[in-house]
Amino acid sequence: MSFGIALAGGGAKGAVHVGVLTALTEHNLIPTSIAGTSAGSIVAGLYAMGFTPQQLKELVHSLSRNNITLLDPCYPEIIKTFVQFMTRSSVSLSGFLHGNKLENYLCKLTKNQAIKDIKMPLVIPCVDLINGKTIVYSNQANRCKNSKTVEWRNDGQLCQIMRASCSIPAIFQPKILHKMCLVDGGVTDVLPVDLLREIGEKNVLAVDISEEYERPKSINIIEVTTHAFEIMQKCLKSHTTGNEKYRLTPKLPKDAGLLNFRQMDACVTAGYQATIAVMPKLKELFRK
């Protein structure tokens, strides 16, 4: 039986998806389509390109130790914003991180490949701040109809689309692409089950990496932003999912969080163990 897999957003916690794919591959349960939001979009995009779970594990391991090389704070803009705020001028800062280093890294991995040239059915949502719509990039876009709230597209480089889908508001600057101002797809669809079904995938395995809510460790702008985003996503998820055939909810490591890259290896292990634990059920559902 063919099936698709929908990967939720969650920053560094997205490493869980690599563990899930590793376990599925070991048991010859290979998804035939894939969708991902935010961090899930990176795993989904690279997997659809042909990266093996082992190659993805190696990337995660490297990033868990060298993630600082992908962070590019907007120091001049941050200082300028403070002056603008104090002088009551228009504030120009759109995010603490440029996102250019992340995008360059993704473009190197994908060799600037266009999403329309990816063979495996792939779905990646973003959100356009200009028109308020969910912009869904997919190599299957020609099979889907636009609506008042959703626009399907198949143009653009995969690396730019993944970077756009990862643009957590206030943390990353939005990605300007195709005359749109794109931010994290999780703003409207953190677990893209229904979008995957929209391209014709009837059997969907959803990987949910939300966790029990924990209070912020401190009240600073990063904690406030990430926790507010997490609360919003939990509320949205209860209204936008439920059509999956099975939902996998790995137990995350302690202190796993949107920006805690040091726990990425542990997240891979958590995803692997959670998948192995329910493998008999997954085989029953997806190998008929």
# chains A, B, ... in the order shown; residues from 1 in each chain; ligands from 1
call {"tool": "residues_around", "arguments": {"residues": "segment 35-50 of chain A", "least_positions_apart": "5", "cutoff": "8 Å", "atoms": "only C-alpha atoms", "output": "count of residues only"}}
result
40
call {"tool": "residues_around", "arguments": {"residues": "Lys80 of chain A", "least_positions_apart": "2", "cutoff": "12 Å", "atoms": "only C-alpha atoms", "output": "ChimeraX atom specification"}}
result
/A:74-78,82-94
call {"tool": "select_by_dssp", "arguments": {"residues": "segment 48-115 of chain A", "states": "strand (DSSP E or B)", "output": "PyMOL selection string"}}
result
chain A and resi 73+95-97+114
call {"tool": "select_by_dssp", "arguments": {"residues": "segment 143-283 of chain A", "states": "alpha helix (DSSP H)", "output": "number ranges by chain"}}
result
A: 158-165, 193-198, 221-240, 264-277, 279-283
call {"tool": "closest_residue", "arguments": {"among": "A:Asp265, A:Asp255, A:Asp117, A:Glu198", "to": "Arg143 of chain A", "atoms": "only C-alpha atoms"}}
result
A:Glu198
call {"tool": "atom_distance", "arguments": {"atom1": "atom CA of Val207 of chain A", "atom2": "atom CA of Thr249 of chain A"}}
result
6.2 Å
call {"tool": "residues_around", "arguments": {"residues": "Ala23 of chain A", "least_positions_apart": "5", "cutoff": "7 Å", "atoms": "only C-alpha atoms", "output": "list in words"}}
result
Tyr272, Thr275 and Ile276 of chain A
call {"tool": "write_last_selection", "arguments": {"atoms": "N, CA, C and O atoms", "output": "mmCIF file, in the first residue's frame"}}
result
data_model
loop_
_atom_site.group_PDB
_atom_site.id
_atom_site.type_symbol
_atom_site.label_atom_id
_atom_site.label_comp_id
_atom_site.auth_asym_id
_atom_site.auth_seq_id
_atom_site.Cartn_x
_atom_site.Cartn_y
_atom_site.Cartn_z
ATOM 1 N N TYR A 272 13.163 7.582 16.405
ATOM 2 C CA TYR A 272 13.423 6.179 16.046
ATOM 3 C C TYR A 272 12.727 5.238 17.025
ATOM 4 O O TYR A 272 12.024 4.300 16.623
ATOM 5 N N THR A 275 8.902 5.143 16.749
ATOM 6 C CA THR A 275 8.439 4.443 15.549
ATOM 7 C C THR A 275 8.571 2.929 15.705
ATOM 8 O O THR A 275 7.657 2.173 15.356
ATOM 9 N N ILE A 276 9.693 2.495 16.249
ATOM 10 C CA ILE A 276 9.904 1.061 16.477
ATOM 11 C C ILE A 276 8.850 0.516 17.437
ATOM 12 O O ILE A 276 8.340 -0.605 17.257
#
call {"tool": "residues_around", "arguments": {"residues": "Asn243 of chain A", "least_positions_apart": "4", "cutoff": "10 Å", "atoms": "only C-alpha atoms", "output": "compact mmCIF listing (two decimals) with N, CA and C atoms, in the first residue's frame"}}
result
# COMPACT_ATOMS: atom_id res chain seq x y z
N VAL A 193 -1.26 17.47 7.05
CA VAL A 193 -1.95 16.24 6.65
C VAL A 193 -2.93 16.51 5.52
N ASP A 194 -3.78 17.51 5.71
CA ASP A 194 -4.82 17.79 4.71
C ASP A 194 -4.23 18.25 3.38
N ARG A 197 -3.22 15.17 1.59
CA ARG A 197 -4.41 14.50 1.05
C ARG A 197 -4.95 15.25 -0.17
N LYS A 202 -4.30 9.25 0.01
CA LYS A 202 -5.38 8.83 0.90
C LYS A 202 -4.88 8.32 2.25
N ASN A 203 -3.69 7.74 2.27
CA ASN A 203 -3.16 7.14 3.48
C ASN A 203 -1.99 7.97 4.00
N VAL A 204 -2.18 8.61 5.14
CA VAL A 204 -1.17 9.53 5.65
C VAL A 204 -0.74 9.14 7.06
N LEU A 205 0.56 9.04 7.24
CA LEU A 205 1.16 8.90 8.56
C LEU A 205 1.62 10.29 9.00
N ALA A 206 1.08 10.78 10.10
CA ALA A 206 1.43 12.11 10.60
C ALA A 206 2.43 11.98 11.74
N ARG A 247 -1.35 8.81 13.73
CA ARG A 247 -0.53 9.93 14.18
C ARG A 247 0.50 9.43 15.18
call {"tool": "residues_around", "arguments": {"residues": "Ser147 of chain A", "least_positions_apart": "6", "cutoff": "12 Å", "atoms": "only C-alpha atoms", "output": "list in words"}}
result
Lys133, Thr134, Ile135 and Val136 of chain A
call {"tool": "write_last_selection", "arguments": {"atoms": "C-alpha atoms", "output": "PDB file, in the first residue's frame"}}
result
ATOM      1  CA  LYS A 133      -2.899  33.137   2.246  1.00  0.00           C
ATOM      2  CA  THR A 134      -1.211  29.807   2.813  1.00  0.00           C
ATOM      3  CA  ILE A 135       1.145  29.410  -0.144  1.00  0.00           C
ATOM      4  CA  VAL A 136       1.649  25.718  -0.839  1.00  0.00           C
TER       5      VAL A 136
END
call {"tool": "residues_around", "arguments": {"residues": "segment 63-67 of chain A", "least_positions_apart": "3", "cutoff": "9 Å", "atoms": "only C-alpha atoms", "output": "list in words"}}
result
Ala12, Glu58, Leu59, Val60, Leu70, Leu71, Asn260, Phe261, Arg262, Gln263, Met264 and Asp265 of chain A
call {"tool": "write_last_selection", "arguments": {"atoms": "N, CA and C atoms", "output": "PDB file, in the first residue's frame"}}
result
ATOM      1  N   ALA A  12      14.394  22.946  16.068  1.00  0.00           N
ATOM      2  CA  ALA A  12      15.393  21.891  16.256  1.00  0.00           C
ATOM      3  C   ALA A  12      14.749  20.545  16.565  1.00  0.00           C
ATOM      4  N   GLU A  58      23.538  12.170   9.549  1.00  0.00           N
ATOM      5  CA  GLU A  58      24.867  12.781   9.553  1.00  0.00           C
ATOM      6  C   GLU A  58      24.763  14.300   9.517  1.00  0.00           C
ATOM      7  N   LEU A  59      23.805  14.820   8.755  1.00  0.00           N
ATOM      8  CA  LEU A  59      23.598  16.269   8.717  1.00  0.00           C
ATOM      9  C   LEU A  59      23.148  16.793  10.081  1.00  0.00           C
ATOM     10  N   VAL A  60      22.219  16.065  10.720  1.00  0.00           N
ATOM     11  CA  VAL A  60      21.732  16.456  12.043  1.00  0.00           C
ATOM     12  C   VAL A  60      22.881  16.464  13.042  1.00  0.00           C
ATOM     13  N   LEU A  70      25.213  28.656  11.071  1.00  0.00           N
ATOM     14  CA  LEU A  70      24.044  28.951  10.249  1.00  0.00           C
ATOM     15  C   LEU A  70      23.226  30.120  10.798  1.00  0.00           C
ATOM     16  N   LEU A  71      23.680  30.686  11.904  1.00  0.00           N
ATOM     17  CA  LEU A  71      22.962  31.808  12.506  1.00  0.00           C
ATOM     18  C   LEU A  71      23.634  33.113  12.121  1.00  0.00           C
ATOM     19  N   ASN A 260      16.875  24.700  20.588  1.00  0.00           N
ATOM     20  CA  ASN A 260      17.872  23.942  21.341  1.00  0.00           C
ATOM     21  C   ASN A 260      18.511  22.892  20.433  1.00  0.00           C
ATOM     22  N   PHE A 261      19.495  23.315  19.674  1.00  0.00           N
ATOM     23  CA  PHE A 261      20.128  22.442  18.692  1.00  0.00           C
ATOM     24  C   PHE A 261      20.969  21.342  19.345  1.00  0.00           C
ATOM     25  N   ARG A 262      21.364  21.535  20.587  1.00  0.00           N
ATOM     26  CA  ARG A 262      22.187  20.529  21.260  1.00  0.00           C
ATOM     27  C   ARG A 262      21.421  19.230  21.500  1.00  0.00           C
ATOM     28  N   GLN A 263      20.104  19.271  21.441  1.00  0.00           N
ATOM     29  CA  GLN A 263      19.297  18.085  21.682  1.00  0.00           C
ATOM     30  C   GLN A 263      18.875  17.387  20.391  1.00  0.00           C
ATOM     31  N   MET A 264      19.430  17.796  19.263  1.00  0.00           N
ATOM     32  CA  MET A 264      18.983  17.240  17.983  1.00  0.00           C
ATOM     33  C   MET A 264      19.291  15.751  17.848  1.00  0.00           C
ATOM     34  N   ASP A 265      20.459  15.325  18.280  1.00  0.00           N
ATOM     35  CA  ASP A 265      20.790  13.898  18.215  1.00  0.00           C
ATOM     36  C   ASP A 265      19.823  13.086  19.068  1.00  0.00           C
TER      37      ASP A 265
END
call {"tool": "atom_distance", "arguments": {"atom1": "atom CA of Phe3 of chain A", "atom2": "atom CA of Val150 of chain A"}}
result
23.4 Å
call {"tool": "residues_around", "arguments": {"residues": "Gln273 of chain A", "least_positions_apart": "6", "cutoff": "10 Å", "atoms": "only C-alpha atoms", "output": "PDB file with N, CA and C atoms, in the first residue's frame"}}
result
ATOM      1  N   VAL A  16      13.531  14.865  15.034  1.00  0.00           N
ATOM      2  CA  VAL A  16      12.736  13.670  15.316  1.00  0.00           C
ATOM      3  C   VAL A  16      12.368  12.946  14.016  1.00  0.00           C
ATOM      4  N   GLY A  19      14.729  10.305  12.711  1.00  0.00           N
ATOM      5  CA  GLY A  19      14.640   9.028  13.404  1.00  0.00           C
ATOM      6  C   GLY A  19      13.455   8.205  12.933  1.00  0.00           C
ATOM      7  N   VAL A  20      12.328   8.880  12.672  1.00  0.00           N
ATOM      8  CA  VAL A  20      11.137   8.197  12.170  1.00  0.00           C
ATOM      9  C   VAL A  20      11.423   7.568  10.806  1.00  0.00           C
ATOM     10  N   ALA A  23      13.685   4.443  11.037  1.00  0.00           N
ATOM     11  CA  ALA A  23      12.989   3.234  11.476  1.00  0.00           C
ATOM     12  C   ALA A  23      12.105   2.672  10.365  1.00  0.00           C
ATOM     13  N   PRO A 250       6.081  11.106  19.125  1.00  0.00           N
ATOM     14  CA  PRO A 250       7.269  10.714  19.902  1.00  0.00           C
ATOM     15  C   PRO A 250       7.399  11.529  21.188  1.00  0.00           C
ATOM     16  N   LYS A 251       7.880  10.874  22.228  1.00  0.00           N
ATOM     17  CA  LYS A 251       8.165  11.563  23.484  1.00  0.00           C
ATOM     18  C   LYS A 251       9.507  12.262  23.340  1.00  0.00           C
ATOM     19  N   CYS A 267      16.827  13.906  19.755  1.00  0.00           N
ATOM     20  CA  CYS A 267      15.532  13.923  19.081  1.00  0.00           C
ATOM     21  C   CYS A 267      15.452  12.849  18.001  1.00  0.00           C
ATOM     22  N   MET A 279       5.760  -0.190  15.452  1.00  0.00           N
ATOM     23  CA  MET A 279       5.980  -0.742  14.126  1.00  0.00           C
ATOM     24  C   MET A 279       4.954  -1.811  13.735  1.00  0.00           C
TER      25      MET A 279
END
